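**Q** The following file, query_12.tsv, comprises TSV, C-alpha atoms:
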```tsv
chain	number	residue	atom	x	y	z
A	162	MET	CA	86.18	-2.98	23.18
A	163	ASP	CA	84.06	-0.81	25.43
A	164	PHE	CA	80.67	-2.10	24.23
A	165	ILE	CA	81.51	-5.70	25.30
A	166	PRO	CA	80.59	-6.15	28.98
A	167	LEU	CA	83.11	-8.97	29.56
A	168	ASP	CA	86.86	-8.49	29.42
A	169	TYR	CA	89.03	-10.57	27.08
A	170	ALA	CA	90.47	-12.84	29.78
A	171	THR	CA	87.00	-13.67	31.12
A	172	LEU	CA	85.70	-14.52	27.65
A	173	ARG	CA	88.65	-16.81	27.06
A	174	LEU	CA	87.99	-18.60	30.34
A	175	ILE	CA	84.27	-18.92	29.55
A	176	TRP	CA	85.07	-20.53	26.23
A	177	TRP	CA	87.49	-22.92	27.88
A	178	LEU	CA	84.63	-23.96	30.15
A	179	LEU	CA	82.17	-24.17	27.25
A	180	LEU	CA	84.58	-26.35	25.29
A	181	GLY	CA	84.62	-28.70	28.27
A	182	VAL	CA	80.82	-28.69	28.36
A	183	LEU	CA	80.64	-29.59	24.67
A	184	LEU	CA	83.17	-32.40	25.07
A	185	ILE	CA	81.24	-33.79	28.02
A	186	GLY	CA	78.01	-33.46	26.04
A	187	PHE	CA	79.53	-35.44	23.19
A	188	ALA	CA	80.91	-38.13	25.52
A	189	VAL	CA	77.59	-38.55	27.34
A	190	MET	CA	75.20	-38.28	24.39
A	191	ASP	CA	77.08	-39.85	21.50
A	192	GLY	CA	79.12	-41.99	23.87
A	193	PHE	CA	76.30	-44.40	24.59
A	194	ASP	CA	75.80	-44.84	20.82
A	195	LEU	CA	79.44	-45.87	20.52
A	196	GLY	CA	79.11	-48.15	23.52
A	197	VAL	CA	75.98	-49.86	22.19
A	198	GLY	CA	77.66	-50.40	18.82
A	199	THR	CA	80.67	-51.96	20.54
A	200	LEU	CA	78.43	-54.29	22.55
A	201	LEU	CA	76.22	-55.31	19.62
A	202	PRO	CA	77.97	-58.58	18.62
A	203	PHE	CA	78.23	-59.72	22.25
A	204	VAL	CA	74.85	-58.96	23.84
A	205	ALA	CA	72.65	-59.96	20.88
A	206	ARG	CA	72.70	-63.61	19.76
A	207	THR	CA	69.83	-63.77	17.24
A	208	ASP	CA	68.76	-61.53	14.39
A	209	VAL	CA	65.75	-60.29	16.36
A	210	GLU	CA	67.95	-59.46	19.35
A	211	ARG	CA	70.37	-57.60	17.12
A	212	ARG	CA	67.48	-55.64	15.61
A	213	ILE	CA	66.34	-54.71	19.11
A	214	VAL	CA	69.83	-53.44	20.01
A	215	VAL	CA	70.16	-51.49	16.76
A	216	ASN	CA	66.76	-49.86	17.32
A	217	THR	CA	67.76	-48.57	20.76
A	218	ILE	CA	70.11	-46.08	19.07
A	219	GLY	CA	68.92	-46.00	15.46
A	220	PRO	CA	66.41	-43.16	15.96
A	221	VAL	CA	68.74	-40.93	18.02
A	222	TRP	CA	72.35	-41.39	16.91
A	223	GLU	CA	72.22	-38.63	14.28
A	224	GLY	CA	70.95	-36.08	16.77
A	225	ASN	CA	73.55	-37.15	19.33
A	226	GLN	CA	76.33	-36.62	16.79
A	227	VAL	CA	75.44	-32.91	16.75
A	228	TRP	CA	77.61	-32.63	19.87
A	229	LEU	CA	80.66	-33.70	17.85
A	230	ILE	CA	79.89	-31.01	15.26
A	231	LEU	CA	79.39	-28.42	18.01
A	232	GLY	CA	82.73	-29.33	19.59
A	233	GLY	CA	84.61	-29.16	16.30
A	234	GLY	CA	82.90	-25.90	15.39
A	235	ALA	CA	83.73	-24.37	18.76
A	236	ILE	CA	87.41	-25.28	18.36
A	237	PHE	CA	87.44	-23.86	14.83
A	238	ALA	CA	85.88	-20.53	15.81
A	239	ALA	CA	87.12	-19.97	19.37
A	240	PHE	CA	90.63	-21.44	19.13
A	241	PRO	CA	91.78	-21.39	15.47
A	242	PRO	CA	95.44	-22.32	16.13
A	243	LEU	CA	94.28	-25.34	18.11
A	244	TYR	CA	92.03	-26.38	15.21
A	245	ALA	CA	94.85	-25.90	12.70
A	246	VAL	CA	97.40	-27.95	14.64
A	247	SER	CA	95.15	-30.73	15.93
A	248	PHE	CA	93.13	-31.36	12.78
A	249	SER	CA	96.26	-31.36	10.61
A	250	GLY	CA	98.45	-33.28	13.06
A	251	PHE	CA	95.75	-35.86	13.76
A	252	TYR	CA	94.64	-35.93	10.12
A	253	LEU	CA	94.98	-39.68	9.54
A	254	ALA	CA	93.51	-40.44	12.95
A	255	MET	CA	90.53	-38.20	12.18
A	256	PHE	CA	90.15	-39.89	8.80
A	257	VAL	CA	89.97	-43.29	10.50
A	258	ILE	CA	87.36	-41.94	12.94
A	259	LEU	CA	85.27	-40.48	10.12
A	260	PHE	CA	85.50	-43.71	8.13
A	261	ALA	CA	84.28	-45.65	11.17
A	262	LEU	CA	81.49	-43.15	11.84
A	263	ILE	CA	80.38	-43.36	8.20
A	264	LEU	CA	79.89	-47.10	8.69
A	265	ARG	CA	77.14	-46.40	11.21
A	266	PRO	CA	74.49	-44.91	8.91
A	267	VAL	CA	75.43	-47.35	6.17
A	268	GLY	CA	75.13	-50.25	8.59
A	269	PHE	CA	71.76	-49.06	9.92
A	270	LYS	CA	70.30	-48.71	6.45
A	271	PHE	CA	71.87	-51.69	4.68
A	272	ARG	CA	71.69	-54.55	7.21
A	273	GLY	CA	68.00	-55.12	6.57
A	274	LYS	CA	68.06	-54.74	2.79
A	275	VAL	CA	68.89	-58.39	2.07
A	276	GLU	CA	67.46	-61.41	3.90
A	277	ASN	CA	70.79	-63.16	4.20
A	278	THR	CA	72.53	-64.11	7.44
A	279	ARG	CA	76.06	-63.43	6.18
A	280	TRP	CA	74.96	-60.01	4.85
A	281	LYS	CA	73.42	-58.98	8.17
A	282	GLU	CA	76.37	-60.24	10.21
A	283	THR	CA	78.75	-58.24	8.02
A	284	TRP	CA	76.88	-55.01	8.70
A	285	ASP	CA	76.57	-55.85	12.38
A	286	TRP	CA	80.36	-56.02	12.55
A	287	ALA	CA	80.49	-52.74	10.62
A	288	LEU	CA	78.35	-51.21	13.37
A	289	PHE	CA	80.77	-52.67	15.92
A	290	ILE	CA	83.69	-51.00	14.13
A	291	GLY	CA	81.69	-47.76	13.99
A	292	GLY	CA	81.43	-47.87	17.77
A	293	ALA	CA	84.71	-49.34	18.98
A	294	VAL	CA	87.18	-47.57	16.68
A	295	PRO	CA	86.09	-43.97	17.42
A	296	ALA	CA	85.88	-44.78	21.13
A	297	LEU	CA	89.46	-46.05	21.06
A	298	ILE	CA	90.95	-43.26	18.93
A	299	PHE	CA	89.24	-40.46	20.86
A	300	GLY	CA	90.87	-41.84	23.99
A	301	VAL	CA	94.22	-42.16	22.21
A	302	ALA	CA	93.91	-38.49	21.19
A	303	VAL	CA	93.36	-37.45	24.81
A	304	GLY	CA	96.40	-39.49	25.82
A	305	ASN	CA	98.51	-37.67	23.24
A	306	VAL	CA	97.30	-34.30	24.53
A	307	LEU	CA	98.68	-35.27	27.94
A	308	LEU	CA	101.94	-36.48	26.40
A	309	GLY	CA	102.29	-33.45	24.15
A	310	VAL	CA	102.18	-33.44	20.37
A	311	PRO	CA	105.29	-32.89	18.19
A	312	PHE	CA	104.69	-29.54	16.48
A	313	HIS	CA	106.15	-26.07	16.30
A	314	PHE	CA	105.50	-22.73	14.60
A	315	THR	CA	107.53	-20.92	12.00
A	316	PRO	CA	108.29	-17.21	12.64
A	317	GLU	CA	105.23	-16.47	10.48
A	318	LEU	CA	103.13	-18.60	12.91
A	319	ARG	CA	102.59	-21.38	10.40
A	320	PRO	CA	102.10	-24.64	12.34
A	321	VAL	CA	104.41	-27.53	11.44
A	322	TYR	CA	103.52	-31.03	12.64
A	323	THR	CA	106.51	-33.37	12.78
A	324	GLY	CA	104.88	-36.61	13.95
A	325	GLY	CA	103.08	-39.48	12.24
A	326	PHE	CA	100.00	-41.63	12.75
A	327	PHE	CA	101.77	-44.61	14.32
A	328	GLY	CA	103.70	-42.26	16.58
A	329	LEU	CA	100.38	-41.51	18.29
A	330	LEU	CA	100.01	-45.16	19.35
A	331	THR	CA	102.31	-45.06	22.38
A	332	PRO	CA	101.68	-47.30	25.41
A	333	PHE	CA	100.21	-44.46	27.49
A	334	ALA	CA	98.01	-43.27	24.62
A	335	LEU	CA	96.73	-46.82	24.08
A	336	LEU	CA	96.01	-47.05	27.81
A	337	SER	CA	93.97	-43.85	27.50
A	338	GLY	CA	92.16	-45.42	24.55
A	339	LEU	CA	91.27	-48.47	26.63
A	340	VAL	CA	89.92	-46.21	29.39
A	341	SER	CA	87.69	-44.55	26.81
A	342	VAL	CA	86.44	-47.85	25.35
A	343	SER	CA	85.74	-49.34	28.79
A	344	LEU	CA	83.78	-46.38	30.10
A	345	LEU	CA	81.80	-45.93	26.88
A	346	VAL	CA	80.92	-49.63	26.85
A	347	ALA	CA	79.61	-49.28	30.42
A	348	HIS	CA	77.66	-46.19	29.35
A	349	GLY	CA	76.16	-48.03	26.37
A	350	ALA	CA	75.31	-51.00	28.57
A	351	ALA	CA	73.36	-48.70	30.89
A	352	MET	CA	71.30	-47.47	27.95
A	353	LEU	CA	70.60	-51.06	26.86
A	354	VAL	CA	69.41	-51.92	30.37
A	355	ILE	CA	67.07	-48.92	30.16
A	356	LYS	CA	65.76	-49.74	26.71
A	357	THR	CA	65.62	-53.57	26.65
A	358	ASP	CA	64.45	-56.53	28.70
A	359	GLY	CA	65.30	-60.18	29.04
A	360	PRO	CA	68.56	-61.75	27.87
A	361	ILE	CA	69.83	-58.57	26.17
A	362	ALA	CA	69.49	-56.53	29.36
A	363	ASP	CA	71.05	-59.34	31.40
A	364	ARG	CA	74.09	-59.64	29.12
A	365	SER	CA	74.42	-55.86	28.89
A	366	ALA	CA	74.41	-55.52	32.68
A	367	ARG	CA	77.05	-58.24	33.02
A	368	TYR	CA	79.41	-56.92	30.35
A	369	GLY	CA	78.80	-53.32	31.34
A	370	SER	CA	79.64	-53.87	34.99
A	371	ILE	CA	82.90	-55.57	34.02
A	372	ALA	CA	83.74	-52.71	31.64
A	373	ALA	CA	82.98	-50.12	34.32
A	374	ILE	CA	85.29	-51.76	36.86
A	375	LEU	CA	87.99	-52.15	34.20
A	376	GLY	CA	87.58	-48.48	33.25
A	377	ALA	CA	87.98	-47.36	36.87
A	378	VAL	CA	91.12	-49.49	37.33
A	379	LEU	CA	92.70	-48.33	34.07
A	380	PHE	CA	91.85	-44.69	34.81
A	381	ALA	CA	93.50	-44.95	38.22
A	382	ALA	CA	96.55	-46.61	36.63
A	383	ALA	CA	96.78	-43.79	34.09
A	384	GLY	CA	96.66	-41.28	36.95
A	385	VAL	CA	99.54	-42.98	38.74
A	386	TRP	CA	101.52	-43.02	35.49
A	387	ILE	CA	100.90	-39.30	34.97
A	388	ALA	CA	101.94	-38.49	38.53
A	389	THR	CA	105.15	-40.52	38.44
A	390	GLY	CA	106.40	-40.81	34.89
A	391	ILE	CA	104.65	-38.70	32.27
A	392	HIS	CA	106.24	-35.34	31.49
A	393	GLY	CA	103.95	-32.43	32.19
A	394	PHE	CA	104.33	-28.82	31.06
A	395	ARG	CA	104.36	-25.46	32.83
A	396	VAL	CA	104.38	-21.88	31.57
A	397	ASP	CA	107.37	-20.19	33.23
A	398	SER	CA	107.12	-16.72	31.73
A	399	VAL	CA	105.30	-14.68	29.09
A	400	ILE	CA	107.22	-12.09	27.09
A	401	ASP	CA	104.52	-9.60	26.15
A	402	GLY	CA	102.28	-9.64	29.21
A	403	ALA	CA	100.08	-12.23	30.88
A	404	PHE	CA	97.61	-12.63	28.01
A	405	ALA	CA	99.77	-12.30	24.90
A	406	SER	CA	97.98	-13.74	21.86
A	407	ASN	CA	101.10	-15.27	20.38
A	408	PRO	CA	102.17	-18.85	21.14
A	409	LEU	CA	105.82	-17.91	20.59
A	410	HIS	CA	105.84	-15.26	23.31
A	411	LYS	CA	106.35	-17.54	26.30
A	412	SER	CA	108.79	-20.01	27.80
A	413	VAL	CA	107.65	-23.47	28.89
A	414	SER	CA	109.38	-26.12	30.99
A	415	SER	CA	108.72	-29.86	30.98
A	416	ALA	CA	109.33	-32.42	33.73
A	417	PRO	CA	107.76	-35.59	35.13
A	418	GLY	CA	104.79	-34.96	37.40
A	419	LEU	CA	104.17	-31.35	36.36
A	420	TRP	CA	100.56	-32.15	35.38
A	421	MET	CA	99.87	-32.61	39.10
A	422	ALA	CA	100.75	-28.99	39.94
A	423	ASN	CA	97.21	-27.68	39.51
A	424	TYR	CA	95.89	-30.34	41.88
A	425	ARG	CA	98.39	-29.27	44.51
A	426	GLU	CA	97.61	-25.58	44.06
A	427	MET	CA	93.82	-26.05	43.81
A	428	PRO	CA	92.97	-29.06	46.02
A	429	TRP	CA	89.25	-28.82	45.18
A	430	THR	CA	90.00	-30.09	41.67
A	431	ILE	CA	90.53	-33.58	43.13
A	432	ILE	CA	86.74	-33.91	42.85
A	433	ALA	CA	87.20	-34.63	39.11
A	434	PRO	CA	89.25	-37.86	39.34
A	435	VAL	CA	87.20	-38.95	42.34
A	436	LEU	CA	84.05	-38.49	40.26
A	437	GLY	CA	85.62	-40.44	37.40
A	438	ILE	CA	86.44	-43.47	39.57
A	439	ALA	CA	83.40	-43.33	41.88
A	440	GLY	CA	81.00	-42.89	38.96
A	441	ALA	CA	82.42	-45.92	37.17
A	442	LEU	CA	82.27	-48.12	40.27
A	443	ALA	CA	78.76	-46.93	41.07
A	444	SER	CA	77.61	-47.72	37.54
A	445	ALA	CA	79.04	-51.24	37.89
A	446	VAL	CA	77.00	-51.84	41.04
A	447	LEU	CA	73.85	-50.26	39.60
A	448	LEU	CA	74.12	-52.31	36.42
A	449	ARG	CA	74.28	-55.48	38.48
A	450	MET	CA	71.11	-54.28	40.24
A	451	ARG	CA	69.46	-53.61	36.82
A	452	ARG	CA	69.00	-49.93	37.74
A	453	GLY	CA	69.60	-48.70	34.22
A	454	GLY	CA	68.61	-45.07	34.70
A	455	LEU	CA	70.82	-44.55	37.74
A	456	ALA	CA	73.64	-46.50	36.08
A	457	PHE	CA	73.39	-44.19	33.06
A	458	ILE	CA	73.68	-41.13	35.32
A	459	ALA	CA	76.63	-42.66	37.16
A	460	SER	CA	78.49	-43.62	33.97
A	461	GLY	CA	77.80	-40.18	32.52
A	462	ALA	CA	79.21	-38.62	35.68
A	463	SER	CA	82.28	-40.84	35.32
A	464	LEU	CA	82.84	-39.64	31.76
A	465	ALA	CA	82.46	-36.04	32.90
A	466	GLY	CA	84.94	-36.66	35.71
A	467	VAL	CA	87.54	-38.09	33.33
A	468	ILE	CA	87.25	-35.13	30.95
A	469	LEU	CA	87.41	-32.63	33.81
A	470	THR	CA	90.44	-34.45	35.23
A	471	VAL	CA	92.36	-33.89	32.01
A	472	GLY	CA	91.14	-30.29	31.69
A	473	PHE	CA	92.16	-29.37	35.22
A	474	ALA	CA	95.54	-31.11	34.89
A	475	ILE	CA	96.67	-29.37	31.71
A	476	PHE	CA	95.17	-25.90	32.40
A	477	PRO	CA	95.98	-23.41	30.90
A	478	PHE	CA	97.29	-25.59	28.07
A	479	LEU	CA	95.03	-26.69	25.23
A	480	LEU	CA	97.67	-28.63	23.29
A	481	PRO	CA	101.27	-28.81	24.56
A	482	SER	CA	104.16	-29.41	22.20
A	483	SER	CA	106.49	-32.28	22.98
A	484	SER	CA	109.13	-31.26	20.43
A	485	VAL	CA	109.27	-27.49	21.11
A	486	PRO	CA	107.60	-26.91	24.50
A	487	ASP	CA	107.61	-23.10	24.09
A	488	ALA	CA	105.27	-23.51	21.09
A	489	GLY	CA	102.55	-25.28	23.11
A	490	LEU	CA	99.11	-23.72	22.77
A	491	THR	CA	97.43	-22.28	25.85
A	492	LEU	CA	94.07	-20.76	26.56
A	493	TRP	CA	95.65	-17.30	26.54
A	494	ASP	CA	97.56	-17.44	23.25
A	495	ALA	CA	95.34	-19.56	20.99
A	496	SER	CA	91.97	-17.83	21.13
A	497	SER	CA	90.06	-15.76	18.61
A	498	SER	CA	89.51	-12.03	19.07
A	499	GLN	CA	87.45	-10.61	21.90
A	500	LEU	CA	84.65	-9.65	19.50
A	501	THR	CA	84.52	-13.15	17.98
A	502	LEU	CA	84.31	-14.80	21.39
A	503	TRP	CA	81.57	-12.39	22.44
A	504	ILE	CA	79.42	-12.99	19.33
A	505	MET	CA	79.89	-16.75	19.72
A	506	LEU	CA	78.85	-16.54	23.36
A	507	LEU	CA	75.64	-14.71	22.43
A	508	CYS	CA	74.85	-17.38	19.83
A	509	THR	CA	75.53	-20.11	22.37
A	510	ILE	CA	73.23	-18.51	24.93
A	511	VAL	CA	70.44	-18.58	22.34
A	512	PHE	CA	70.95	-21.93	20.62
A	513	LEU	CA	72.34	-24.26	23.30
A	514	PRO	CA	69.10	-24.19	25.36
A	515	ILE	CA	67.16	-24.91	22.16
A	516	ILE	CA	69.35	-27.94	21.46
A	517	LEU	CA	68.94	-29.17	25.03
A	518	ALA	CA	65.18	-28.67	24.94
A	519	TYR	CA	64.82	-30.46	21.61
A	520	THR	CA	67.02	-33.35	22.79
A	521	THR	CA	64.93	-33.68	25.95
A	522	TRP	CA	61.73	-33.71	23.89
A	523	VAL	CA	63.06	-36.37	21.51
A	524	PHE	CA	64.05	-38.71	24.30
A	525	ARG	CA	60.72	-38.15	26.00
A	526	VAL	CA	58.87	-39.09	22.81
A	527	LEU	CA	61.05	-42.19	22.35
A	528	ARG	CA	60.87	-43.31	25.97
A	529	GLY	CA	60.00	-46.91	26.73
A	530	LYS	CA	61.44	-50.34	25.96
A	531	VAL	CA	62.36	-51.62	22.53
A	532	THR	CA	60.73	-55.03	22.32
A	533	GLU	CA	60.52	-57.88	19.82
A	534	ALA	CA	57.02	-56.80	18.90
A	535	SER	CA	58.09	-53.21	18.26
A	536	VAL	CA	60.74	-54.24	15.72
A	537	THR	CA	58.75	-56.98	13.95
A	538	ASP	CA	55.35	-55.29	13.73
A	539	THR	CA	56.47	-52.07	12.02
A	540	HIS	CA	58.27	-51.32	8.77
A	541	ASN	CA	59.88	-48.22	10.32
A	542	ALA	CA	62.20	-50.25	12.55
A	543	TYR	CA	65.77	-51.01	11.42
```
If you convert what's in this file into structure tokens, what do you get?

**A**
Amino acid sequence: MDFIPLDYATLRLIWWLLLGVLLIGFAVMDGFDLGVGTLLPFVARTDVERRIVVNTIGPVWEGNQVWLILGGGAIFAAFPPLYAVSFSGFYLAMFVILFALILRPVGFKFRGKVENTRWKETWDWALFIGGAVPALIFGVAVGNVLLGVPFHFTPELRPVYTGGFFGLLTPFALLSGLVSVSLLVAHGAAMLVIKTDGPIADRSARYGSIAAILGAVLFAAAGVWIATGIHGFRVDSVIDGAFASNPLHKSVSSAPGLWMANYREMPWTIIAPVLGIAGALASAVLLRMRRGGLAFIASGASLAGVILTVGFAIFPFLLPSSSVPDAGLTLWDASSSQLTLWIMLLCTIVFLPIILAYTTWVFRVLRGKVTEASVTDTHNAY
């Protein structure tokens, strides 16, 4: 289309990058909510302490969850086949995530409705589930992307998923889930060090530093496993040209270690796994030093490094197929039309800065520590 200043291939690549930005935004912004929820039963011993922890994320979690909606919307509009396969193939897993996420608003609103210890403890554990379960399953999903998902297409391009929910819970996928939980716990701990004082901050720093070190070790172990044992995928040829918009018009090979090919061909991409490990270790040290702000930046950088590591490894794949490798979805054969990508890009250029500006303003308004006085002297606190 002559009136669009960017060619089709460039728009596809831009939206691959933007999808990565949205995933990183979700991991960094909503990730600390999940981490704080996971830490809640362990860093808060009394009802007042638990109220303090809940109020560190209570006013912001809904806004942070916008990044999840943006990511899902971007997949739906920019890469429809990817949306169709992943959201149908991971249907039960997504249902479990949504059920856990629904527990968060219910837990925030209900825990203070009855002055009963058992009642409040029940909803505190609901908030824990709302943090830990999505953190685990999101990581398991990433692990399954690296392993490949069992699906294929009919000649009419109707996706057919041939796996099941428990088939997603393989050892490597569970390892990926533990990486996710560990790093998000460290990220949440950094936020608690920023927003609280006293015993809560001390416990958060201790647990968070352990989680950060564990996350770095598990991430490195997953990398070794990928390099030596996990089957990767490679596009060998495309039938109808380099950028054919048909997932059936290519041949794909699979072999152990193939996910490392991009790192050999583009050595600069090694910065991603280095950032993932170095950020986690730095956050562990900074948490021990009670430098919450710097620890938050370091843990956020670690999350970004992990996501970039996966993106660089599987490029140009978006979702490989383990059962019929030729049917795997790539950046080049799973995108929307050139016009759709262009209109979406214009909307993103307008609205993404507004979202960032509003988020910055909200956190500026809510800056400062959450204290015992702030949760006991006002009826607006959770």

**Q** Find the spatial neighbours of Val310 in chain A, counting only C-alpha atoms, within a cut-off of 8 Å - ignore same-chain residues fewer than 6 positions away - and output them as a list in words.

**A**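 With the cut-off at 8 Å, the set is Gly324, Leu480, Pro481, Ser482, Ser483 and Ser484 of chain A.
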
**Q** Rank nothing, just name the residue among A:Ala443, A:Leu513, A:Leu243, A:Ile258 nearest to Val306 in chain A, using all atoms listed in the file.

**A** A:Leu243

**Q** Tell me which of A:Pro408, A:Gly393, A:Pro166, A:Gly472 sits closest to Asp494 in chain A, counting all atoms listed in the file.

**A**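 Once distances to Asp494 in chain A are computed over all atoms listed in the file, the minimum belongs to A:Pro408.
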
**Q** Report as a Markdown table the residues of range 289-361 of chain A within 12 Å of range 419-425 of chain A, each with its shortest atom pair and distance in Å (one decimal), using only C-alpha atoms, ordered by chain and increasing residue number.

**A**
```
| residue | atom | partner | partner_atom | distance |
| --- | --- | --- | --- | --- |
| A:Val306 | CA | A:Trp420 | CA | 11.5 |
| A:Leu307 | CA | A:Trp420 | CA | 8.3 |
| A:Leu308 | CA | A:Trp420 | CA | 10.1 |
| A:Gly309 | CA | A:Trp420 | CA | 11.4 |
```

**Q** Report, in Å with one decimal, the straight-line distance from CA of Phe203 in chain A to CA of Ala382 in chain A.

**A**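 Value for the CA of Phe203 in chain A-CA of Ala382 in chain A distance: 26.7 Å.
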
**Q** Quick one: of A:Gly376, A:Ala388, A:Thr537, A:Thr521, who's nearest to Val221 in chain A, counting only C-alpha atoms?

**A**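 Selected residue with least distance to Val221 in chain A: A:Thr521.
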
**Q** Which residues are close to Ser365 in chain A, i.e. within 8 Å by only C-alpha atoms, leaving aside same-chain residues fewer than 2 positions away? Reply as a ChimeraX atom specification.

**A** /A:200,204,350-351,353-354,361-363,367-369

**Q** Which one of A:Val511, A:Met352, A:Ile504, A:Leu345 sits closest to Phe299 in chain A if you count all atoms listed in the file?

**A**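 Ranking A:Val511, A:Met352, A:Ile504, A:Leu345 by distance to Phe299 in chain A, first place goes to A:Leu345.
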
**Q** List the spatial neighbours of range 281-294 of chain A as a list of chain:residue names - criterion: any atom at most 6 Å away, only C-alpha atoms, same-chain residues fewer than 6 positions off excluded.

**A**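 Here the answer would be A:Leu195, A:Gly198, A:Thr199, A:Ala261, A:Leu262, A:Leu264, A:Arg265, A:Gly268, A:Arg272.
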
**Q** What is the CA of Ser497 in chain A to CA of Val399 in chain A distance in Å?

**A** 18.5 Å

**Q** Go ahead and compute the interatomic distance for CA of Phe473 in chain A and CA of Gly181 in chain A, in Å to one decimal.

**A**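 Atom-to-atom, CA of Phe473 in chain A to CA of Gly181 in chain A, that is 10.3 Å.
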
**Q** Choose the residue, out of A:Leu201, A:Ala416, A:Ala465, A:Met190, that has the smallest atom-to-atom separation from Thr520 in chain A; count only C-alpha atoms.

**A**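 Looking only at the distances to Thr520 in chain A, the closest residue turns out to be A:Met190.
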
**Q** Out of A:Leu517, A:Asp538, A:Glu533, A:Val435, which residue has the shortest atom-to-atom distance to Thr207 in chain A when counting only C-alpha atoms?

**A**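 The shortest atom-to-atom distance to Thr207 in chain A comes from A:Glu533.
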
**Q** Can you list, as a VMD selection string, every protein, DNA or RNA residue that comes within 12 Å of range 327-336 of chain A when you count only C-alpha atoms, leaving out same-chain residues fewer than 2 positions away?

**A** chain A and resid 250 to 254 296 to 311 322 to 325 338 to 343 375 to 376 378 to 387 390 to 392
